[in-house]
$ cat work-v3.cif   # mmCIF, C-alpha atoms
data_final
#
loop_
_atom_site.label_atom_id
_atom_site.label_comp_id
_atom_site.auth_asym_id
_atom_site.auth_seq_id
_atom_site.Cartn_x
_atom_site.Cartn_y
_atom_site.Cartn_z
CA MET W 1 -12.95 -15.06 -72.38
CA THR W 2 -16.35 -13.37 -72.62
CA THR W 3 -17.52 -15.26 -69.53
CA ARG W 4 -14.49 -14.15 -67.51
CA ARG W 5 -14.96 -10.54 -68.63
CA SER W 6 -18.58 -10.70 -67.50
CA MET W 7 -17.62 -12.14 -64.13
CA LEU W 8 -15.07 -9.40 -63.53
CA LYS W 9 -17.59 -6.77 -64.54
CA GLY W 10 -20.18 -8.24 -62.18
CA THR W 11 -17.70 -8.32 -59.28
CA ALA W 12 -16.76 -4.70 -59.91
CA LEU W 13 -20.40 -3.66 -59.90
CA LEU W 14 -21.00 -5.53 -56.60
CA MET W 15 -18.01 -3.81 -55.00
CA LEU W 16 -19.13 -0.43 -56.26
CA GLY W 17 -22.62 -1.09 -54.93
CA ALA W 18 -21.30 -2.10 -51.49
CA THR W 19 -19.11 1.01 -51.34
CA ALA W 20 -22.00 3.25 -52.29
CA LEU W 21 -24.27 1.56 -49.75
CA SER W 22 -21.74 1.99 -46.93
CA ALA W 23 -21.42 5.66 -47.76
CA LEU W 24 -25.19 6.12 -47.50
CA THR W 25 -25.91 3.88 -44.48
CA PRO W 26 -24.39 4.86 -41.09
CA LEU W 27 -22.76 2.11 -38.98
CA GLU W 28 -25.00 0.92 -36.19
CA ALA W 29 -23.89 -0.25 -32.72
CA PHE W 30 -25.78 -3.37 -31.83
CA ALA W 31 -25.00 -3.60 -28.10
CA ARG W 32 -24.88 0.06 -27.01
CA ALA W 33 -23.32 -1.25 -23.76
CA ALA W 34 -23.13 1.11 -20.82
CA GLN W 35 -19.70 1.87 -19.42
CA ILE W 36 -19.16 -0.12 -16.21
CA LYS W 37 -16.97 2.45 -14.42
CA SER W 38 -15.79 0.14 -11.65
CA ILE W 39 -12.53 -1.67 -10.98
CA ALA W 40 -11.77 -5.28 -10.14
CA PRO W 41 -11.23 -6.25 -6.49
CA ALA W 42 -7.72 -5.16 -5.60
CA TYR W 43 -5.78 -8.05 -4.16
CA HIS W 44 -2.69 -9.87 -5.38
CA ARG W 45 -1.62 -13.31 -4.16
CA LEU W 46 1.87 -14.79 -4.21
CA MET W 47 3.84 -17.44 -2.35
CA LEU W 48 6.86 -16.73 -0.18
CA GLY W 49 8.16 -20.23 0.40
CA ALA W 50 5.37 -21.95 2.36
CA TYR W 51 3.64 -18.66 3.22
CA GLU W 52 0.78 -17.26 1.19
CA ILE W 53 1.05 -13.47 0.94
CA VAL W 54 -1.96 -11.43 -0.17
CA ALA W 55 -1.38 -7.77 -0.98
CA LEU W 56 -4.58 -5.86 -0.25
CA SER W 57 -5.54 -2.39 -1.41
CA ASP W 58 -7.42 -0.07 0.92
CA GLY W 59 -7.77 2.28 -2.05
CA THR W 60 -5.90 5.31 -3.32
CA VAL W 61 -6.02 9.01 -2.50
CA LYS W 62 -4.62 12.12 -4.14
CA ILE W 63 -2.09 13.97 -1.94
CA PRO W 64 -0.09 17.15 -2.68
CA LEU W 65 3.41 15.68 -2.58
CA ASN W 66 5.00 18.92 -3.78
CA THR W 67 4.03 20.62 -0.51
CA LEU W 68 4.12 17.58 1.80
CA TYR W 69 7.72 16.65 1.04
CA ASN W 70 10.25 18.70 3.00
CA HIS W 71 14.00 19.32 2.78
CA THR W 72 13.23 20.27 -0.81
CA THR W 73 11.10 22.74 -2.82
CA PRO W 74 7.73 22.34 -4.59
CA ASP W 75 9.35 23.23 -7.92
CA HIS W 76 11.92 20.46 -7.52
CA ILE W 77 9.22 17.88 -6.73
CA ASP W 78 7.07 19.06 -9.64
CA LYS W 79 10.03 18.62 -12.00
CA ILE W 80 10.70 15.08 -10.77
CA LEU W 81 7.04 14.09 -11.03
CA SER W 82 6.62 15.54 -14.51
CA GLY W 83 9.60 13.44 -15.63
CA VAL W 84 7.60 10.29 -14.84
CA PHE W 85 4.30 11.61 -16.26
CA GLN W 86 2.86 12.47 -12.85
CA SER W 87 1.81 15.70 -11.21
CA SER W 88 0.82 16.91 -7.77
CA PRO W 89 -1.55 16.02 -6.22
CA SER W 90 -0.38 12.49 -6.88
CA GLU W 91 -2.25 9.23 -6.50
CA ALA W 92 -1.03 7.46 -3.35
CA SER W 93 -1.76 3.81 -2.63
CA VAL W 94 -2.69 2.56 0.83
CA ASN W 95 -1.69 -1.11 1.05
CA ALA W 96 -1.96 -3.82 3.68
CA TYR W 97 -0.73 -7.42 3.62
CA LEU W 98 -2.36 -10.65 4.73
CA VAL W 99 -0.11 -13.60 5.57
CA ASN W 100 -1.35 -17.17 5.79
CA THR W 101 1.39 -19.29 7.36
CA GLY W 102 -0.72 -22.42 7.30
CA ASP W 103 -1.17 -22.12 11.07
CA ARG W 104 -2.13 -18.48 11.52
CA LEU W 105 -3.75 -15.74 9.47
CA VAL W 106 -1.99 -12.45 10.18
CA LEU W 107 -2.90 -9.01 8.81
CA ILE W 108 -0.12 -6.42 8.56
CA ASP W 109 -1.77 -2.98 8.93
CA ALA W 110 -5.50 -2.35 8.81
CA GLY W 111 -6.19 0.47 6.36
CA THR W 112 -8.16 3.65 6.96
CA GLY W 113 -11.69 2.52 7.75
CA THR W 114 -14.11 5.41 7.29
CA TYR W 115 -11.71 8.15 8.38
CA LEU W 116 -10.11 9.37 5.17
CA GLY W 117 -12.81 9.57 2.54
CA PRO W 118 -14.70 7.47 -0.01
CA THR W 119 -11.73 6.52 -2.22
CA LEU W 120 -10.24 4.60 0.73
CA GLY W 121 -11.64 2.12 3.25
CA LYS W 122 -11.77 -0.80 0.78
CA LEU W 123 -9.74 -3.26 2.88
CA ILE W 124 -12.53 -5.45 4.27
CA GLY W 125 -14.12 -5.88 0.86
CA ASN W 126 -10.80 -6.89 -0.66
CA ILE W 127 -10.09 -9.35 2.17
CA GLN W 128 -13.41 -10.99 1.36
CA ALA W 129 -12.76 -10.89 -2.37
CA ALA W 130 -9.46 -12.69 -1.72
CA GLY W 131 -11.37 -15.54 -0.07
CA TYR W 132 -11.12 -14.72 3.63
CA GLN W 133 -13.38 -13.23 6.30
CA PRO W 134 -12.39 -10.70 9.00
CA GLU W 135 -13.45 -13.21 11.67
CA GLN W 136 -10.77 -15.64 10.46
CA ILE W 137 -7.87 -13.30 11.20
CA ASP W 138 -5.87 -14.41 14.24
CA ASP W 139 -3.58 -11.40 14.58
CA VAL W 140 -3.29 -7.83 13.36
CA LEU W 141 0.26 -6.47 13.47
CA LEU W 142 0.62 -2.71 12.95
CA THR W 143 3.78 -1.19 11.53
CA HIS W 144 2.73 1.97 13.38
CA ILE W 145 -0.26 3.91 14.66
CA HIS W 146 -1.30 6.41 12.01
CA THR W 147 -4.92 6.59 10.91
CA ASP W 148 -4.19 5.16 7.45
CA HIS W 149 -2.82 2.02 9.13
CA SER W 150 -5.08 1.73 12.18
CA GLY W 151 -8.40 3.36 11.24
CA GLY W 152 -9.69 0.13 9.73
CA LEU W 153 -9.38 -1.69 13.06
CA ILE W 154 -12.95 -0.62 13.80
CA ALA W 155 -16.27 -0.66 11.96
CA ASP W 156 -19.21 1.22 13.46
CA GLY W 157 -17.18 1.65 16.64
CA LYS W 158 -16.66 -2.10 17.09
CA ARG W 159 -13.67 -4.33 16.42
CA ALA W 160 -13.56 -5.14 12.72
CA PHE W 161 -11.44 -8.22 13.50
CA PRO W 162 -13.29 -9.64 16.52
CA ASN W 163 -11.11 -12.72 17.04
CA ALA W 164 -7.73 -11.07 16.47
CA LEU W 165 -5.02 -10.08 18.89
CA LEU W 166 -3.66 -6.62 18.07
CA HIS W 167 0.15 -6.20 18.20
CA VAL W 168 1.75 -2.73 18.34
CA ASN W 169 5.22 -1.52 19.29
CA LYS W 170 5.12 -0.20 22.86
CA ARG W 171 6.69 3.12 21.86
CA ASP W 172 3.72 3.90 19.61
CA VAL W 173 1.16 2.85 22.21
CA ASP W 174 2.83 5.07 24.83
CA TYR W 175 2.98 7.98 22.38
CA TRP W 176 -0.47 7.91 20.73
CA LEU W 177 -2.65 6.62 23.57
CA ASN W 178 -1.33 8.99 26.23
CA PRO W 179 -4.04 11.57 27.12
CA LEU W 180 -1.38 14.04 28.29
CA HIS W 181 0.34 13.91 24.88
CA ALA W 182 -3.02 14.38 23.17
CA LYS W 183 -3.86 17.39 25.32
CA ALA W 184 -0.47 19.02 24.65
CA ALA W 185 -0.53 18.35 20.89
CA PRO W 186 -1.08 21.23 18.45
CA ASP W 187 -4.59 21.48 17.04
CA THR W 188 -3.42 20.13 13.69
CA LYS W 189 -2.46 16.82 15.35
CA LYS W 190 -5.19 16.36 17.93
CA GLY W 191 -7.27 14.42 15.43
CA LEU W 192 -4.51 11.80 15.06
CA TYR W 193 -4.58 11.11 18.81
CA ARG W 194 -8.36 10.95 18.89
CA GLU W 195 -8.50 8.56 15.92
CA ALA W 196 -5.78 6.36 17.41
CA MET W 197 -7.72 6.04 20.67
CA GLU W 198 -11.00 5.35 18.87
CA ALA W 199 -9.42 2.58 16.80
CA ILE W 200 -7.38 0.86 19.49
CA ASN W 201 -9.38 1.29 22.71
CA PRO W 202 -11.96 -1.37 21.70
CA TYR W 203 -9.10 -3.91 21.57
CA ILE W 204 -7.80 -2.74 24.95
CA ASP W 205 -11.29 -3.04 26.43
CA ALA W 206 -11.54 -6.60 25.10
CA GLY W 207 -8.11 -7.55 26.47
CA LYS W 208 -6.83 -8.03 22.91
CA LEU W 209 -3.93 -5.53 22.77
CA ARG W 210 -0.37 -6.87 22.99
CA THR W 211 2.59 -4.48 22.92
CA PHE W 212 6.03 -5.58 21.76
CA ALA W 213 9.55 -4.31 22.34
CA ASP W 214 11.98 -2.96 19.74
CA ASN W 215 13.21 -5.59 17.25
CA ALA W 216 11.01 -8.23 18.84
CA GLU W 217 9.15 -11.22 17.39
CA PRO W 218 5.59 -10.55 18.57
CA ILE W 219 4.17 -13.51 16.63
CA PRO W 220 6.21 -16.66 15.87
CA GLY W 221 7.78 -16.15 12.45
CA PHE W 222 7.06 -12.40 12.38
CA LYS W 223 10.19 -10.49 13.33
CA THR W 224 10.28 -6.71 13.52
CA ILE W 225 12.92 -4.04 12.89
CA LEU W 226 12.56 -0.71 14.66
CA ARG W 227 12.70 1.99 11.94
CA THR W 228 11.89 4.95 14.15
CA GLY W 229 11.25 8.50 12.97
CA HIS W 230 8.03 8.33 11.03
CA THR W 231 6.52 7.50 14.42
CA PRO W 232 8.44 6.59 17.60
CA GLY W 233 7.65 2.88 17.28
CA HIS W 234 7.49 2.57 13.50
CA SER W 235 8.57 -1.02 12.75
CA SER W 236 9.08 -3.07 9.62
CA VAL W 237 7.98 -6.72 9.62
CA VAL W 238 10.32 -9.50 8.45
CA LEU W 239 9.03 -12.78 7.00
CA GLU W 240 11.24 -15.71 5.97
CA SER W 241 10.21 -19.08 4.57
CA GLN W 242 12.13 -21.74 2.67
CA GLY W 243 15.04 -19.42 1.94
CA ARG W 244 12.94 -16.49 0.73
CA LYS W 245 12.59 -13.19 2.58
CA LEU W 246 10.08 -10.34 2.49
CA VAL W 247 10.31 -7.15 4.56
CA ILE W 248 7.05 -5.25 4.91
CA TRP W 249 8.34 -1.71 5.29
CA GLY W 250 5.40 0.32 6.53
CA ASP W 251 6.08 3.97 5.71
CA ILE W 252 9.77 3.93 4.83
CA THR W 253 8.73 5.79 1.66
CA HIS W 254 5.72 7.66 0.38
CA GLY W 255 5.65 6.82 -3.32
CA ASP W 256 8.20 5.01 -5.47
CA ILE W 257 9.95 7.88 -7.24
CA VAL W 258 11.28 10.81 -5.23
CA GLN W 259 12.75 9.31 -2.07
CA PHE W 260 14.63 6.50 -3.78
CA ASP W 261 16.82 8.99 -5.62
CA GLU W 262 16.85 11.44 -2.70
CA PRO W 263 16.46 9.61 0.63
CA GLY W 264 17.14 12.89 2.45
CA ILE W 265 13.75 14.22 1.38
CA ALA W 266 11.29 13.69 4.23
CA ILE W 267 7.54 14.18 4.51
CA ALA W 268 5.25 16.21 6.74
CA PHE W 269 3.73 13.04 8.23
CA ASP W 270 7.03 12.18 9.97
CA GLU W 271 7.11 12.74 13.72
CA ASP W 272 10.90 13.15 13.53
CA SER W 273 12.14 13.77 9.99
CA GLU W 274 15.85 13.40 10.79
CA LYS W 275 15.35 9.98 12.36
CA ALA W 276 13.05 8.96 9.52
CA ILE W 277 15.78 9.83 7.00
CA ILE W 278 18.30 7.69 8.88
CA SER W 279 15.81 4.80 8.97
CA ARG W 280 15.10 5.15 5.24
CA GLN W 281 18.77 5.12 4.32
CA ALA W 282 19.33 2.02 6.46
CA ALA W 283 16.31 0.26 4.94
CA PHE W 284 17.40 1.06 1.38
CA SER W 285 20.98 -0.05 1.96
CA GLU W 286 19.98 -3.34 3.58
CA ALA W 287 17.38 -4.16 0.91
CA ALA W 288 19.86 -3.43 -1.92
CA ASN W 289 22.66 -5.41 -0.25
CA GLU W 290 20.57 -8.48 0.52
CA GLY W 291 18.27 -8.44 -2.51
CA TYR W 292 15.17 -9.52 -0.61
CA LEU W 293 11.62 -8.59 -1.51
CA VAL W 294 10.13 -5.43 -0.03
CA ALA W 295 6.51 -4.35 0.43
CA GLY W 296 5.64 -0.68 0.90
CA ALA W 297 2.40 0.70 2.30
CA HIS W 298 2.39 3.70 -0.05
CA ILE W 299 4.09 2.30 -3.14
CA SER W 300 1.81 1.77 -6.15
CA PHE W 301 -0.31 -1.33 -5.50
CA PRO W 302 0.57 -4.12 -4.90
CA GLY W 303 3.65 -2.34 -3.59
CA ILE W 304 5.99 -5.35 -3.77
CA GLY W 305 9.42 -5.30 -5.41
CA HIS W 306 13.15 -4.92 -4.95
CA VAL W 307 15.57 -2.07 -4.29
CA ARG W 308 18.68 -1.71 -6.40
CA ARG W 309 21.49 0.81 -6.47
CA ASP W 310 21.94 3.07 -9.48
CA SER W 311 24.22 5.94 -10.44
CA SER W 312 22.23 8.50 -8.46
CA ASN W 313 21.24 6.46 -5.38
CA TYR W 314 18.56 3.75 -5.50
CA ASP W 315 15.79 2.50 -7.79
CA TRP W 316 12.50 0.78 -7.05
CA VAL W 317 12.01 -2.33 -9.20
CA PRO W 318 8.40 -3.62 -9.08
CA LEU W 319 7.95 -7.37 -8.88
CA ASN W 320 7.22 -8.85 -12.29
CA TYR W 321 3.56 -9.83 -12.42
CA SER W 322 2.80 -13.54 -12.38
CA SER W 323 -0.53 -15.34 -12.51
CA ILE W 324 1.14 -18.56 -11.29
CA LEU W 325 1.53 -19.31 -7.59
#

$ encode --input "work-v3.cif" --output "C-alpha cells"
Amino acid sequence: MTTRRSMLKGTALLMLGATALSALTPLEAFARAAQIKSIAPAYHRLMLGAYEIVALSDGTVKIPLNTLYNHTTPDHIDKILSGVFQSSPSEASVNAYLVNTGDRLVLIDAGTGTYLGPTLGKLIGNIQAAGYQPEQIDDVLLTHIHTDHSGGLIADGKRAFPNALLHVNKRDVDYWLNPLHAKAAPDTKKGLYREAMEAINPYIDAGKLRTFADNAEPIPGFKTILRTGHTPGHSSVVLESQGRKLVIWGDITHGDIVQFDEPGIAIAFDEDSEKAIISRQAAFSEAANEGYLVAGAHISFPGIGHVRRDSSNYDWVPLNYSSIL
C-alpha cells in the first residue's frame, strides 16, 4: 500500500513538473517552413467513352458581373451573388478542352495568351503539365472569336500550335476579320478586331485556317451547333463516344449561378443579346432534356457538369470529382 501511494505521489509530481515546465517554456516551431503561395497545375482528365477529355485552365480573372450583366440591375445581381457567398467583382474561369480521340489531338478554344493580364494565359503550361506539347495538337477548333478564346493562338506573334489546322465558323471569320467592320466599330470594340486579326492572321498566312458552315462537322467526330448571339458564329461542339455525350458550350453562360435561374439576363460581351438569350434557353432545355454532360468556358474550373430543371428554372450540377479514369 505504501509503495502504491509513493508511486501515485511520484506520478503526480512528474505531471505537475511537466505542466509547470510547459508554462515557462514557449513552443518552438522546428521547420519554420515558408508559405509556398502557388497552385497545382490546373488540368482535369476524364474519359468520355473512348475519348480522353482534358479540361484545361487558362486562369481566372475578376470581372464586375453586377455591371456587366444586362436586362437586370446591379442591386439584383449583388443580392444573388451574396446568397452564394460571392460578390462583384467575381472570379471568372477561362477554360479550354483538349480531346484525344486516339487518332487526333484537338484543342477546343485557345485561351487568352498575353492579352488579358497576368492571372490568365496559363493554357500552354497546363497543356504541358497534362502530358502534351503544343506541337502535338492536330486541330484547334474555336467556339468563337473573342480574345479570351483566340488570344492564345499566338505566342510572340507566331503560331503557338505550329502543326495545327485552325477551324472557325465562317460567320465569325467574316465578322471579325473584315477591315471594313473594324474601321466602322466603336472605339470600345476596335481592340477586339485588332486582337482577332493578330491571333488568326498567322494561321491564314500559313494556309492553316479552315472555315466551317453552321451546324457542320469540321473534324470527323466533332459536330457543331450554331448558338448565335454571343457572336454571329458562336458554336457549341458536340462529342459522342460509346453512348456518352459531351457538349462543349463556349459562352452560353458567364458563371454558374445567375443565368441558370434567369436565362433572360444577358451580358455586355454579347454581340446580340436577344439572340444570345434564345440560344441560352435552347441550350439549357436540350441539356436538361437529354441529360448529357456539358462543359462551359466560364463556369468554375473544370467547368463540366449537368443541367437540371428546378422550381425556378434550371440548376448547374458540377460533375462529381473522380480520380479514376

$ atom_distance --input "work-v3.cif" --atom1 "CA of Asp109 (chain W)" --atom2 "CA of Lys62 (chain W)"
20.2 Å

$ resolve_selection --input "work-v3.cif" --expression "the PyMOL selection byres ((chain W and resi 137) around 8)" --output "count of residues only"
14

$ resolve_selection --input "work-v3.cif" --expression "the PyMOL selection byres ((chain W and resi 77-80) around 12)" --output "PyMOL selection string"
chain W and resi 64-76+81-90+256-262+265-267

$ resolve_selection --input "work-v3.cif" --expression "the PyMOL selection byres ((chain W and resi 55) around 8)" --output "PyMOL selection string"
chain W and resi 43-45+53-54+56-57+95-98+301-303

$ closest_residue --input "work-v3.cif" --among "W:Tyr314, W:Phe284, W:Trp249, W:Phe222" --to "Thr101 (chain W)" --atoms "all atoms listed in the file"
W:Phe222

$ closest_residue --input "work-v3.cif" --among "W:Glu195, W:Ala297, W:Leu166, W:Gly229" --to "Leu209 (chain W)" --atoms "all atoms listed in the file"
W:Leu166

$ closest_residue --input "work-v3.cif" --among "W:Val238, W:Val94, W:Val294, W:Val247" --to "Pro220 (chain W)" --atoms "only C-alpha atoms"
W:Val238

$ build_atoms --input "work-v3.cif" --residues "region 198-209 of chain W" --atoms "all heavy atoms" --output "compact mmCIF listing (two decimals), in the coordinates of the input"
# COMPACT_ATOMS: atom_id res chain seq x y z
N GLU W 198 -9.74 5.95 19.32
CA GLU W 198 -11.00 5.35 18.87
C GLU W 198 -10.77 3.98 18.25
O GLU W 198 -11.57 3.04 18.45
CB GLU W 198 -11.68 6.26 17.84
CG GLU W 198 -12.28 7.53 18.44
CD GLU W 198 -12.83 8.47 17.38
OE1 GLU W 198 -12.66 8.19 16.17
OE2 GLU W 198 -13.43 9.50 17.76
N ALA W 199 -9.68 3.83 17.51
CA ALA W 199 -9.42 2.58 16.80
C ALA W 199 -8.89 1.49 17.72
O ALA W 199 -9.21 0.31 17.54
CB ALA W 199 -8.43 2.83 15.67
N ILE W 200 -8.09 1.87 18.70
CA ILE W 200 -7.38 0.86 19.49
C ILE W 200 -8.05 0.56 20.82
O ILE W 200 -7.99 -0.57 21.33
CB ILE W 200 -5.91 1.30 19.68
CG1 ILE W 200 -5.22 1.23 18.31
CG2 ILE W 200 -5.17 0.43 20.69
CD1 ILE W 200 -3.82 1.74 18.26
N ASN W 201 -8.75 1.52 21.40
CA ASN W 201 -9.38 1.29 22.71
C ASN W 201 -10.33 0.09 22.72
O ASN W 201 -10.38 -0.63 23.73
CB ASN W 201 -10.09 2.55 23.19
CG ASN W 201 -9.12 3.54 23.82
OD1 ASN W 201 -8.00 3.18 24.21
ND2 ASN W 201 -9.53 4.80 23.92
N PRO W 202 -11.10 -0.18 21.65
CA PRO W 202 -11.96 -1.37 21.70
C PRO W 202 -11.17 -2.67 21.89
O PRO W 202 -11.66 -3.63 22.51
CB PRO W 202 -12.68 -1.35 20.36
CG PRO W 202 -12.74 0.11 20.01
CD PRO W 202 -11.43 0.65 20.47
N TYR W 203 -9.94 -2.72 21.39
CA TYR W 203 -9.10 -3.91 21.57
C TYR W 203 -8.54 -3.96 23.00
O TYR W 203 -8.42 -5.04 23.59
CB TYR W 203 -7.98 -3.92 20.53
CG TYR W 203 -8.50 -4.16 19.14
CD1 TYR W 203 -9.03 -3.11 18.38
CD2 TYR W 203 -8.51 -5.43 18.58
CE1 TYR W 203 -9.54 -3.32 17.11
CE2 TYR W 203 -9.02 -5.66 17.31
CZ TYR W 203 -9.54 -4.59 16.58
OH TYR W 203 -10.06 -4.81 15.32
N ILE W 204 -8.23 -2.79 23.54
CA ILE W 204 -7.80 -2.74 24.95
C ILE W 204 -8.94 -3.20 25.85
O ILE W 204 -8.75 -4.02 26.75
CB ILE W 204 -7.35 -1.31 25.31
CG1 ILE W 204 -6.10 -0.92 24.51
CG2 ILE W 204 -7.07 -1.20 26.81
CD1 ILE W 204 -5.66 0.52 24.71
N ASP W 205 -10.13 -2.68 25.59
CA ASP W 205 -11.29 -3.04 26.43
C ASP W 205 -11.58 -4.54 26.38
O ASP W 205 -12.06 -5.11 27.35
CB ASP W 205 -12.52 -2.25 25.97
CG ASP W 205 -12.39 -0.75 26.19
OD1 ASP W 205 -11.51 -0.35 26.99
OD2 ASP W 205 -13.14 0.01 25.55
N ALA W 206 -11.29 -5.17 25.25
CA ALA W 206 -11.54 -6.60 25.10
C ALA W 206 -10.36 -7.45 25.54
O ALA W 206 -10.41 -8.68 25.44
CB ALA W 206 -11.88 -6.91 23.64
N GLY W 207 -9.30 -6.80 26.05
CA GLY W 207 -8.11 -7.55 26.47
C GLY W 207 -7.33 -8.12 25.30
O GLY W 207 -6.60 -9.11 25.45
N LYS W 208 -7.43 -7.48 24.12
CA LYS W 208 -6.83 -8.03 22.91
C LYS W 208 -5.54 -7.30 22.48
O LYS W 208 -4.94 -7.70 21.48
CB LYS W 208 -7.84 -7.94 21.75
CG LYS W 208 -9.10 -8.80 21.94
CD LYS W 208 -8.82 -10.24 21.62
CE LYS W 208 -10.10 -11.05 21.52
NZ LYS W 208 -9.84 -12.45 21.12
N LEU W 209 -5.14 -6.25 23.17
CA LEU W 209 -3.93 -5.53 22.77
C LEU W 209 -2.70 -6.19 23.38
O LEU W 209 -2.67 -6.47 24.58
CB LEU W 209 -4.00 -4.06 23.22
CG LEU W 209 -2.75 -3.23 22.91
CD1 LEU W 209 -2.56 -3.05 21.40
CD2 LEU W 209 -2.80 -1.87 23.60
